[in-house]
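**Student:** Got a file for you: start-v6.txt, compact mmCIF, C-alpha atoms.
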```
# COMPACT_ATOMS: atom_id res chain seq x y z
CA MET A 3 -10.20 -12.39 -14.02
CA ILE A 4 -12.92 -11.09 -11.72
CA THR A 5 -14.29 -7.64 -12.62
CA GLU A 6 -16.92 -5.29 -11.26
CA LYS A 7 -19.38 -7.06 -13.59
CA GLU A 8 -19.02 -10.41 -11.79
CA ILE A 9 -19.09 -8.66 -8.42
CA SER A 10 -22.29 -6.83 -9.43
CA GLU A 11 -23.93 -10.10 -10.43
CA GLN A 12 -23.04 -11.66 -7.10
CA LEU A 13 -24.28 -8.64 -5.12
CA LYS A 14 -27.39 -8.24 -7.32
CA ARG A 15 -26.68 -4.52 -7.60
CA THR A 16 -24.40 -2.55 -9.88
CA ILE A 17 -20.82 -1.65 -9.05
CA LYS A 18 -19.82 0.83 -11.74
CA ALA A 19 -16.18 1.66 -10.93
CA PRO A 20 -13.44 -0.60 -12.33
CA ILE A 21 -12.19 -3.59 -10.32
CA ARG A 22 -9.85 -6.33 -11.53
CA ILE A 23 -8.93 -9.33 -9.38
CA GLY A 24 -6.59 -11.69 -11.19
CA SER A 25 -3.18 -13.30 -11.40
CA LEU A 26 0.04 -12.70 -13.27
CA THR A 27 -1.09 -15.42 -15.67
CA ASP A 28 -4.04 -13.20 -16.66
CA LEU A 29 -1.48 -10.53 -17.56
CA ALA A 30 0.49 -12.96 -19.76
CA ILE A 31 3.38 -12.98 -17.25
CA ASN A 32 4.94 -16.25 -16.11
CA LYS A 33 3.93 -16.44 -12.45
CA ALA A 34 6.63 -18.84 -11.30
CA ASP A 35 9.42 -16.88 -12.99
CA PHE A 36 8.16 -13.56 -11.64
CA ILE A 37 7.84 -14.74 -8.05
CA ALA A 38 11.21 -16.49 -8.11
CA SER A 39 12.88 -13.37 -9.53
CA PHE A 40 11.41 -10.89 -7.05
CA LYS A 41 11.20 -12.85 -3.80
CA LEU A 42 14.86 -12.22 -2.96
CA PHE A 43 14.53 -8.44 -3.18
CA PHE A 44 12.20 -8.36 -0.17
CA ASP A 45 15.03 -9.77 1.96
CA THR A 46 17.70 -7.41 0.67
CA ASP A 47 16.20 -4.26 -0.81
CA LEU A 48 13.83 -2.71 1.75
CA MET A 49 14.14 -0.17 4.59
CA ASP A 50 12.30 -0.18 7.90
CA ASP A 51 9.11 1.89 7.83
CA VAL A 52 9.85 4.05 10.87
CA TYR A 53 6.96 6.35 9.96
CA LEU A 54 4.39 3.79 11.02
CA VAL A 55 6.25 3.30 14.32
CA LYS A 56 6.31 7.03 14.98
CA ASN A 57 2.61 7.36 14.28
CA ASN A 58 1.84 4.44 16.60
CA GLN A 59 3.94 6.00 19.36
CA ILE A 60 2.17 9.36 19.18
CA ALA A 61 -1.26 7.70 19.01
CA PHE A 62 -0.44 5.65 22.13
CA LEU A 63 0.78 8.67 24.09
CA LYS A 64 -2.37 10.59 23.10
CA SER A 65 -4.50 7.74 24.44
CA VAL A 66 -2.65 7.79 27.78
CA PHE A 67 -2.17 11.53 28.23
CA ILE A 68 -5.52 12.85 27.06
CA GLU A 69 -4.86 16.17 28.77
CA ASP A 70 -1.74 16.64 26.57
CA ILE A 71 -3.34 15.87 23.20
CA VAL A 72 -2.86 19.44 21.96
CA SER A 73 0.86 19.43 22.87
CA LEU A 74 1.34 16.02 21.22
CA GLU A 75 -0.49 17.14 18.09
CA LYS A 76 1.84 20.14 17.80
CA ILE A 77 4.89 17.88 17.48
CA HIS A 78 3.20 15.02 15.59
CA GLN A 79 4.06 16.03 12.02
CA ASP A 80 7.61 17.18 12.76
CA TYR A 81 8.33 14.00 14.70
CA PHE A 82 6.74 11.88 11.95
CA GLU A 83 8.77 13.54 9.18
CA GLY A 84 12.04 13.21 11.11
CA ASN A 85 12.52 16.86 12.03
CA LEU A 86 12.54 16.00 15.76
CA SER A 87 14.45 13.21 17.52
CA LYS A 88 12.86 10.52 19.67
CA ASN A 89 14.04 12.47 22.74
CA VAL A 90 11.15 14.87 22.23
CA LEU A 91 8.84 12.14 23.57
CA ASN A 92 10.83 11.61 26.78
CA PRO A 93 8.68 13.90 28.98
CA TRP A 94 5.73 11.58 28.31
CA ILE A 95 7.64 8.28 28.17
CA ASP A 96 9.15 9.01 31.60
CA LYS A 97 5.66 9.27 33.10
CA LEU A 98 4.44 5.92 31.75
CA SER A 99 3.91 3.03 34.14
CA GLU A 100 6.07 -0.08 33.72
CA ASN A 101 3.26 -1.90 31.92
CA GLN A 102 2.65 1.11 29.68
CA LYS A 103 6.36 1.27 28.88
CA LYS A 104 6.26 -2.39 27.83
CA GLU A 105 3.28 -1.67 25.58
CA PHE A 106 5.08 1.36 24.14
CA LEU A 107 8.09 -0.82 23.29
CA ILE A 108 5.90 -3.38 21.55
CA LEU A 109 4.27 -0.60 19.50
CA SER A 110 7.79 0.60 18.61
CA LYS A 111 8.59 -2.67 16.83
CA ILE A 112 9.13 -2.56 13.08
CA THR A 113 6.21 -4.30 11.38
CA ARG A 114 6.63 -2.88 7.87
CA GLN A 115 9.50 -2.42 5.43
CA ARG A 116 9.38 -0.89 1.98
CA ASN A 117 11.09 0.82 -0.90
CA ILE A 118 9.83 3.17 -3.58
CA SER A 119 10.37 3.90 -7.27
CA SER A 120 8.52 5.84 -9.97
CA PHE A 121 8.04 5.34 -13.70
CA THR A 122 6.24 6.66 -16.72
CA VAL A 123 4.75 4.30 -19.28
CA GLU A 124 4.01 5.98 -22.58
CA LYS A 125 2.81 5.07 -26.04
CA SER A 126 5.44 5.56 -28.70
CA SER A 127 4.62 7.51 -31.85
CA GLU A 128 6.51 4.90 -33.82
CA LYS A 129 4.57 1.97 -35.25
CA GLN A 130 6.25 -0.88 -33.45
CA ARG A 131 4.99 -4.22 -32.23
CA ASP A 132 5.70 -3.18 -28.65
CA ASN A 133 4.95 0.53 -28.73
CA LEU A 134 5.09 1.19 -24.98
CA GLY A 135 8.12 2.91 -23.51
CA VAL A 136 9.00 2.60 -19.80
CA LYS A 137 11.14 5.28 -18.16
CA ARG A 138 12.27 5.45 -14.54
CA ILE A 139 11.91 8.89 -12.98
CA GLU A 140 13.15 10.31 -9.70
CA ALA A 141 11.07 9.64 -6.58
CA LYS A 142 12.51 11.92 -3.88
CA SER A 143 9.71 11.64 -1.36
CA PHE A 144 6.20 10.36 -1.10
CA LYS A 145 2.93 11.99 -0.04
CA GLN A 146 -0.64 10.81 -0.51
CA ASP A 147 -3.67 12.99 -1.21
CA VAL A 148 -5.59 11.76 1.83
CA SER A 149 -6.91 13.07 5.17
CA ASP A 150 -4.77 11.04 7.60
CA PHE A 151 -1.06 10.83 8.54
CA ARG A 152 -0.16 9.61 5.03
CA VAL A 153 -0.52 13.19 3.79
CA TRP A 154 2.83 13.98 5.45
CA LYS A 155 6.15 13.57 3.66
CA ARG A 156 7.87 10.19 3.80
CA VAL A 157 11.26 9.40 2.30
CA PHE A 158 11.88 5.75 1.50
CA LYS A 159 14.83 3.87 0.10
CA GLN A 160 14.91 3.82 -3.68
CA ALA A 161 14.36 0.40 -5.22
CA SER A 162 17.59 -1.04 -6.58
CA LYS A 163 18.27 -1.03 -10.30
CA ALA A 164 18.32 -4.83 -10.27
CA SER A 165 14.84 -5.05 -8.76
CA VAL A 166 12.92 -2.72 -11.08
CA GLU A 167 15.01 -2.08 -14.19
CA ASN A 168 14.50 -5.47 -15.76
CA GLU A 169 12.22 -6.97 -18.40
CA LEU A 170 9.88 -8.75 -15.98
CA PHE A 171 9.11 -5.59 -14.04
CA LYS A 172 8.76 -3.60 -17.26
CA SER A 173 6.29 -6.22 -18.47
CA LEU A 174 4.20 -5.68 -15.33
CA LEU A 175 4.22 -1.91 -15.85
CA LYS A 176 3.16 -2.34 -19.48
CA GLN A 177 0.35 -4.71 -18.52
CA VAL A 178 -0.93 -2.15 -16.02
CA PHE A 179 -0.92 0.43 -18.82
CA LEU A 180 -3.04 -1.98 -20.88
CA LEU A 181 -5.49 -2.38 -17.97
CA ILE A 182 -5.85 1.39 -17.88
CA SER A 183 -6.24 1.51 -21.66
CA GLU A 184 -9.16 -0.93 -21.51
CA ILE A 185 -10.94 1.55 -19.26
CA HIS A 186 -9.66 4.74 -20.95
CA PRO A 187 -8.85 3.85 -24.60
CA THR A 188 -7.29 7.24 -25.39
CA THR A 189 -4.63 6.98 -22.66
CA GLN A 190 -1.20 7.98 -23.92
CA LYS A 191 0.89 8.15 -20.74
CA ILE A 192 0.65 7.05 -17.12
CA LYS A 193 2.79 7.61 -14.04
CA VAL A 194 3.29 4.70 -11.65
CA THR A 195 4.71 4.91 -8.14
CA SER A 196 5.80 1.44 -7.03
CA HIS A 197 6.10 0.14 -3.48
CA PHE A 198 7.73 -3.12 -2.53
CA MET A 199 6.35 -3.70 0.96
CA ARG A 200 6.84 -6.37 3.61
CA THR A 201 4.48 -6.71 6.59
CA ILE A 202 5.86 -8.56 9.63
CA SER A 203 4.06 -10.08 12.60
CA ASP A 204 5.14 -12.01 15.67
CA VAL A 205 3.66 -13.37 18.88
CA GLN A 206 3.52 -9.88 20.45
CA ILE A 207 2.10 -7.75 17.66
CA LYS A 208 -0.06 -8.18 14.58
CA GLY A 209 1.25 -6.97 11.25
CA GLU A 210 -0.93 -4.08 10.09
CA ASN A 211 -1.32 -3.97 6.33
CA SER A 212 -3.75 -1.04 6.55
CA PRO A 213 -3.09 0.84 9.83
CA GLU A 214 -5.20 3.74 8.55
CA GLY A 215 -8.30 1.50 8.44
CA VAL A 216 -10.68 1.36 5.47
CA HIS A 217 -9.14 3.93 3.15
CA GLU A 218 -8.32 5.37 -0.24
CA ASP A 219 -4.73 5.94 -1.38
CA GLY A 220 -5.26 9.24 -3.19
CA ALA A 221 -4.40 7.97 -6.70
CA LYS A 222 -6.72 7.58 -9.67
CA TYR A 223 -6.09 3.81 -9.80
CA ILE A 224 -4.18 1.43 -7.58
CA LEU A 225 -2.73 -2.01 -7.76
CA SER A 226 -3.40 -2.36 -4.05
CA ALA A 227 -1.37 -5.55 -3.90
CA LEU A 228 0.38 -8.02 -6.11
CA VAL A 229 1.28 -10.69 -3.57
CA ILE A 230 4.78 -12.14 -3.88
CA ASN A 231 4.97 -14.17 -0.67
CA ARG A 232 2.86 -15.34 2.26
CA THR A 233 4.86 -17.20 4.92
CA ASN A 234 3.51 -18.53 8.23
CA ILE A 235 0.49 -16.22 8.38
CA LEU A 236 -3.21 -16.05 8.98
CA GLY A 237 -5.17 -13.01 7.77
CA GLY A 238 -4.11 -10.52 5.13
CA GLU A 239 -7.56 -10.57 3.54
CA THR A 240 -8.10 -8.04 0.76
CA GLN A 241 -11.43 -6.23 1.13
CA ILE A 242 -13.09 -3.76 -1.25
CA PHE A 243 -15.82 -1.45 0.00
CA GLU A 244 -18.36 0.90 -1.54
CA ALA A 245 -18.98 4.15 0.30
CA ILE A 246 -22.72 4.77 0.49
CA SER A 247 -23.68 7.90 2.42
CA GLU A 248 -21.73 7.59 5.67
CA LYS A 249 -21.33 3.82 5.51
CA LYS A 250 -18.69 1.61 3.90
CA GLU A 251 -20.30 -1.58 2.60
CA LEU A 252 -18.14 -4.63 1.83
CA VAL A 253 -18.54 -5.63 -1.82
CA PHE A 254 -15.67 -8.10 -2.28
CA ASN A 255 -13.17 -9.98 -0.13
CA THR A 256 -10.52 -12.59 -0.79
CA ILE A 257 -7.11 -13.74 0.39
CA LEU A 258 -4.70 -13.11 -2.45
CA GLU A 259 -2.12 -15.85 -2.85
CA ALA A 260 1.34 -15.44 -4.37
CA GLY A 261 1.04 -14.20 -7.94
CA GLU A 262 -2.47 -12.77 -7.47
CA PHE A 263 -3.39 -9.08 -7.49
CA ALA A 264 -6.17 -6.57 -6.82
CA PHE A 265 -6.56 -3.50 -9.06
CA GLN A 266 -9.25 -0.86 -8.58
CA ALA A 267 -10.26 2.73 -9.10
CA ASP A 268 -9.30 4.71 -6.03
CA THR A 269 -9.93 8.46 -6.04
CA GLY A 270 -12.51 10.54 -7.92
CA GLU A 271 -14.16 7.47 -9.44
CA GLU A 272 -17.47 8.31 -7.78
CA LYS A 273 -17.72 11.37 -10.04
CA GLU A 274 -16.66 9.53 -13.18
CA PHE A 275 -18.35 6.15 -12.72
CA GLY A 276 -20.87 6.62 -9.91
CA THR A 277 -19.39 4.17 -7.39
CA ASP A 278 -17.04 5.24 -4.59
CA LEU A 279 -14.55 2.42 -3.88
CA TRP A 280 -12.44 2.05 -0.74
CA HIS A 281 -10.24 -0.81 0.43
CA TYR A 282 -8.69 -2.51 3.43
CA VAL A 283 -6.39 -5.43 4.19
CA THR A 284 -6.86 -7.27 7.48
CA PRO A 285 -3.86 -7.67 9.85
CA ILE A 286 -1.67 -10.76 9.73
CA GLN A 287 -0.54 -12.96 12.60
CA PRO A 288 1.78 -15.96 12.63
CA ILE A 289 0.48 -19.52 12.50
CA ASN A 290 3.55 -20.85 14.29
CA LEU A 291 3.97 -18.39 17.17
CA ALA A 292 7.63 -19.30 17.55
CA GLU A 293 8.40 -17.74 14.16
CA LYS A 294 7.61 -14.48 12.42
CA GLY A 295 4.84 -14.22 9.85
CA VAL A 296 5.57 -12.34 6.62
CA ARG A 297 3.51 -10.95 3.73
CA ASP A 298 5.36 -9.41 0.75
CA ILE A 299 3.55 -7.36 -1.89
CA ILE A 300 4.16 -4.96 -4.76
CA GLY A 301 1.73 -2.05 -4.86
CA PHE A 302 1.22 0.65 -7.49
CA ASP A 303 -0.27 4.13 -7.30
CA ILE A 304 -1.29 5.06 -10.83
CA GLU A 305 -2.07 8.42 -12.39
CA ILE A 306 -3.12 9.13 -15.98
CA VAL A 307 -0.83 11.85 -17.32
CA SER A 308 -2.37 12.16 -20.79
```
I'd like the structure from this file rewritten - as structure tokens, please.
**Tutor:**
Amino acid sequence: MITEKEISEQLKRTIKAPIRIGSLTDLAINKADFIASFKLFFDTDLMDDVYLVKNNQIAFLKSVFIEDIVSLEKIHQDYFEGNLSKNVLNPWIDKLSENQKKEFLILSKITRQRNISSFTVEKSSEKQRDNLGVKRIEAKSFKQDVSDFRVWKRVFKQASKASVENELFKSLLKQVFLLISEIHPTTQKIKVTSHFMRTISDVQIKGENSPEGVHEDGAKYILSALVINRTNILGGETQIFEAISEKKELVFNTILEAGEFAFQADTGEEKEFGTDLWHYVTPIQPINLAEKGVRDIIGFDIEIVS
């Protein structure tokens, strides 16, 4: 497993905040079994991420109708959260040229799908060999403590019982608890919000894994991606940055293959450890332009409860 120590040695300067780049094998989980068990759920268990489409549409209209930016900003959040129908955009759509309308339609394509679920992982007071208890909790909606569109409410399909209430997924949650415990030995309980996410690309549009750019997710720690599947794609490179003054300097980059993951401190770590980590994943595009390209990942937002 690669940690901030190895990255520091390569950079010849110290990265203090926790980073772990590894594979399911490093977590004592059978990689082949895990991938085989979860691959199917990405075909059957996700909903279209219409929020990304809505944000792209508003951003495009703002770029065309600069004089109407204030009016578009007034409806942005309500449209994003589903409080307004698509018809609210008609006054601007009707004024687009034919080429602009074609571009608008391309930007309206679904390029991401996901589901959501939440859990607590907690140490048991009983002296047992496996003293970690996993409990699923309700995840009604999702907001992130950030400064872009992700701060607004999103409601995603709940992950099916079959996909997340099984021993393999519980093993992953417990291993993440152990990663946290290595950094914070007194940890008793964590909360994990899980995202199964598919990014899709075709000949017309790249699949954006990080449409918000270089970013933080607003959680104390993240499993930014455990890759389950890469099919017919170029790109999808995981990049970790350090924020220094106003600049974001690349400190690590790799293409995660199926069964590999990236874990890092995400928010507030600059105060605790002295290094401010950010991250990004480059867009994907298909190798064979006649077919779609797909990248499937499981991501975790992790908070220490006690």
**Student:** Which residue, A:Val194, A:Leu98, A:Leu74, A:Ile304, has the smallest gap to Ala61 of chain A when you use only C-alpha atoms?
**Tutor:**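 Going through A:Val194, A:Leu98, A:Leu74, A:Ile304 one by one, the smallest distance to Ala61 of chain A is for A:Leu74.
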**Student:** Using only C-alpha atoms, which residues sit within 12 Å of segment 247-254 of chain A once same-chain residues fewer than 6 positions away are excluded, as number ranges by chain?
**Tutor:** A: 4-19, 21-23, 215-218, 239-241, 264, 266, 272, 277-283
**Student:** Write to file, as a PDB file, keeping the file's coordinate frame, the residues of the selection just made, with C-alpha atoms.
**Tutor:**
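Final output, saved to part27.pdb:
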```pdb
ATOM      1  CA  ILE A   4     -12.920 -11.090 -11.720  1.00  0.00           C
ATOM      2  CA  THR A   5     -14.290  -7.640 -12.620  1.00  0.00           C
ATOM      3  CA  GLU A   6     -16.920  -5.290 -11.260  1.00  0.00           C
ATOM      4  CA  LYS A   7     -19.380  -7.060 -13.590  1.00  0.00           C
ATOM      5  CA  GLU A   8     -19.020 -10.410 -11.790  1.00  0.00           C
ATOM      6  CA  ILE A   9     -19.090  -8.660  -8.420  1.00  0.00           C
ATOM      7  CA  SER A  10     -22.290  -6.830  -9.430  1.00  0.00           C
ATOM      8  CA  GLU A  11     -23.930 -10.100 -10.430  1.00  0.00           C
ATOM      9  CA  GLN A  12     -23.040 -11.660  -7.100  1.00  0.00           C
ATOM     10  CA  LEU A  13     -24.280  -8.640  -5.120  1.00  0.00           C
ATOM     11  CA  LYS A  14     -27.390  -8.240  -7.320  1.00  0.00           C
ATOM     12  CA  ARG A  15     -26.680  -4.520  -7.600  1.00  0.00           C
ATOM     13  CA  THR A  16     -24.400  -2.550  -9.880  1.00  0.00           C
ATOM     14  CA  ILE A  17     -20.820  -1.650  -9.050  1.00  0.00           C
ATOM     15  CA  LYS A  18     -19.820   0.830 -11.740  1.00  0.00           C
ATOM     16  CA  ALA A  19     -16.180   1.660 -10.930  1.00  0.00           C
ATOM     17  CA  ILE A  21     -12.190  -3.590 -10.320  1.00  0.00           C
ATOM     18  CA  ARG A  22      -9.850  -6.330 -11.530  1.00  0.00           C
ATOM     19  CA  ILE A  23      -8.930  -9.330  -9.380  1.00  0.00           C
ATOM     20  CA  GLY A 215      -8.300   1.500   8.440  1.00  0.00           C
ATOM     21  CA  VAL A 216     -10.680   1.360   5.470  1.00  0.00           C
ATOM     22  CA  HIS A 217      -9.140   3.930   3.150  1.00  0.00           C
ATOM     23  CA  GLU A 218      -8.320   5.370  -0.240  1.00  0.00           C
ATOM     24  CA  GLU A 239      -7.560 -10.570   3.540  1.00  0.00           C
ATOM     25  CA  THR A 240      -8.100  -8.040   0.760  1.00  0.00           C
ATOM     26  CA  GLN A 241     -11.430  -6.230   1.130  1.00  0.00           C
ATOM     27  CA  ALA A 264      -6.170  -6.570  -6.820  1.00  0.00           C
ATOM     28  CA  GLN A 266      -9.250  -0.860  -8.580  1.00  0.00           C
ATOM     29  CA  GLU A 272     -17.470   8.310  -7.780  1.00  0.00           C
ATOM     30  CA  THR A 277     -19.390   4.170  -7.390  1.00  0.00           C
ATOM     31  CA  ASP A 278     -17.040   5.240  -4.590  1.00  0.00           C
ATOM     32  CA  LEU A 279     -14.550   2.420  -3.880  1.00  0.00           C
ATOM     33  CA  TRP A 280     -12.440   2.050  -0.740  1.00  0.00           C
ATOM     34  CA  HIS A 281     -10.240  -0.810   0.430  1.00  0.00           C
ATOM     35  CA  TYR A 282      -8.690  -2.510   3.430  1.00  0.00           C
ATOM     36  CA  VAL A 283      -6.390  -5.430   4.190  1.00  0.00           C
TER      37      VAL A 283
END
```
**Student:** Would you mind reading off the distance between atom CA of Ser212 of chain A and atom CA of Asn57 of chain A, one decimal, in Å?
**Tutor:** 13.1 Å
**Student:** Here is a test: counting all atoms listed in the file, which residue of A:Glu210, A:Asp80, A:Glu271, A:Glu75 is nearest to Val296 of chain A?
**Tutor:**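 Closest residue, counting all atoms listed in the file: A:Glu210.
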**Student:** Calculated over only C-alpha atoms, which of the candidates A:Leu107, A:Leu48, A:Ile77, A:Val66 has the smallest distance to Gln160 of chain A?
**Tutor:**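 When distances to Gln160 of chain A are compared using only C-alpha atoms, the smallest one comes from A:Leu48.
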**Student:** Could you pull the residues within 10 Å of Val52 of chain A, counting only C-alpha atoms, minus those fewer than 4 positions along the same chain, as a list in words?
**Tutor:** Lys56, Asn57, Asn58, Phe82, Glu83, Gly84, Ser110, Lys111, Ile112, Thr113, Arg114, Gln115, Arg156 and Phe158 of chain A
**Student:** Only C-alpha atoms, please: the residues just picked out, written as an mmCIF file, in the coordinates of the input.
**Tutor:**
```cif
data_model
loop_
_atom_site.group_PDB
_atom_site.id
_atom_site.type_symbol
_atom_site.label_atom_id
_atom_site.label_comp_id
_atom_site.auth_asym_id
_atom_site.auth_seq_id
_atom_site.Cartn_x
_atom_site.Cartn_y
_atom_site.Cartn_z
ATOM 1 C CA LYS A 56 6.310 7.030 14.980
ATOM 2 C CA ASN A 57 2.610 7.360 14.280
ATOM 3 C CA ASN A 58 1.840 4.440 16.600
ATOM 4 C CA PHE A 82 6.740 11.880 11.950
ATOM 5 C CA GLU A 83 8.770 13.540 9.180
ATOM 6 C CA GLY A 84 12.040 13.210 11.110
ATOM 7 C CA SER A 110 7.790 0.600 18.610
ATOM 8 C CA LYS A 111 8.590 -2.670 16.830
ATOM 9 C CA ILE A 112 9.130 -2.560 13.080
ATOM 10 C CA THR A 113 6.210 -4.300 11.380
ATOM 11 C CA ARG A 114 6.630 -2.880 7.870
ATOM 12 C CA GLN A 115 9.500 -2.420 5.430
ATOM 13 C CA ARG A 156 7.870 10.190 3.800
ATOM 14 C CA PHE A 158 11.880 5.750 1.500
#
```
**Student:** Of the candidates A:Thr284, A:Thr189, A:Asn32, A:Ser119, which shows the shortest atom-to-atom distance to Val157 of chain A, using only C-alpha atoms?
**Tutor:**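 Closest residue, counting only C-alpha atoms: A:Ser119.
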**Student:** Which is closest to Phe43 of chain A among A:Gln102, A:Asn117, A:Ser183, A:Asn92, if we use all atoms listed in the file?
**Tutor:**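 Comparing A:Gln102, A:Asn117, A:Ser183, A:Asn92 against Phe43 of chain A, the winner is A:Asn117.
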**Student:** Just the residues within 12 Å of Phe198 of chain A, please, counting all atoms listed in the file, with nothing from its chain fewer than 4 positions along; format it as an MDAnalysis selection string.
**Tutor:** chainID A and resid 40:51 114:120 158:162 165:166 171 225:231 297:303
**Student:** Based on the selection just made, write C-alpha atoms of those residues as an mmCIF file, keeping the file's coordinate frame.
**Tutor:**
```cif
data_model
loop_
_atom_site.group_PDB
_atom_site.id
_atom_site.type_symbol
_atom_site.label_atom_id
_atom_site.label_comp_id
_atom_site.auth_asym_id
_atom_site.auth_seq_id
_atom_site.Cartn_x
_atom_site.Cartn_y
_atom_site.Cartn_z
ATOM 1 C CA PHE A 40 11.410 -10.890 -7.050
ATOM 2 C CA LYS A 41 11.200 -12.850 -3.800
ATOM 3 C CA LEU A 42 14.860 -12.220 -2.960
ATOM 4 C CA PHE A 43 14.530 -8.440 -3.180
ATOM 5 C CA PHE A 44 12.200 -8.360 -0.170
ATOM 6 C CA ASP A 45 15.030 -9.770 1.960
ATOM 7 C CA THR A 46 17.700 -7.410 0.670
ATOM 8 C CA ASP A 47 16.200 -4.260 -0.810
ATOM 9 C CA LEU A 48 13.830 -2.710 1.750
ATOM 10 C CA MET A 49 14.140 -0.170 4.590
ATOM 11 C CA ASP A 50 12.300 -0.180 7.900
ATOM 12 C CA ASP A 51 9.110 1.890 7.830
ATOM 13 C CA ARG A 114 6.630 -2.880 7.870
ATOM 14 C CA GLN A 115 9.500 -2.420 5.430
ATOM 15 C CA ARG A 116 9.380 -0.890 1.980
ATOM 16 C CA ASN A 117 11.090 0.820 -0.900
ATOM 17 C CA ILE A 118 9.830 3.170 -3.580
ATOM 18 C CA SER A 119 10.370 3.900 -7.270
ATOM 19 C CA SER A 120 8.520 5.840 -9.970
ATOM 20 C CA PHE A 158 11.880 5.750 1.500
ATOM 21 C CA LYS A 159 14.830 3.870 0.100
ATOM 22 C CA GLN A 160 14.910 3.820 -3.680
ATOM 23 C CA ALA A 161 14.360 0.400 -5.220
ATOM 24 C CA SER A 162 17.590 -1.040 -6.580
ATOM 25 C CA SER A 165 14.840 -5.050 -8.760
ATOM 26 C CA VAL A 166 12.920 -2.720 -11.080
ATOM 27 C CA PHE A 171 9.110 -5.590 -14.040
ATOM 28 C CA LEU A 225 -2.730 -2.010 -7.760
ATOM 29 C CA SER A 226 -3.400 -2.360 -4.050
ATOM 30 C CA ALA A 227 -1.370 -5.550 -3.900
ATOM 31 C CA LEU A 228 0.380 -8.020 -6.110
ATOM 32 C CA VAL A 229 1.280 -10.690 -3.570
ATOM 33 C CA ILE A 230 4.780 -12.140 -3.880
ATOM 34 C CA ASN A 231 4.970 -14.170 -0.670
ATOM 35 C CA ARG A 297 3.510 -10.950 3.730
ATOM 36 C CA ASP A 298 5.360 -9.410 0.750
ATOM 37 C CA ILE A 299 3.550 -7.360 -1.890
ATOM 38 C CA ILE A 300 4.160 -4.960 -4.760
ATOM 39 C CA GLY A 301 1.730 -2.050 -4.860
ATOM 40 C CA PHE A 302 1.220 0.650 -7.490
ATOM 41 C CA ASP A 303 -0.270 4.130 -7.300
#
```
**Student:** Rounded to one decimal, what separation in Å do you get between atom CA of Asp268 of chain A and atom CA of His78 of chain A?
**Tutor:**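 Result for atom CA of Asp268 of chain A versus atom CA of His78 of chain A: 27.0 Å, one decimal.
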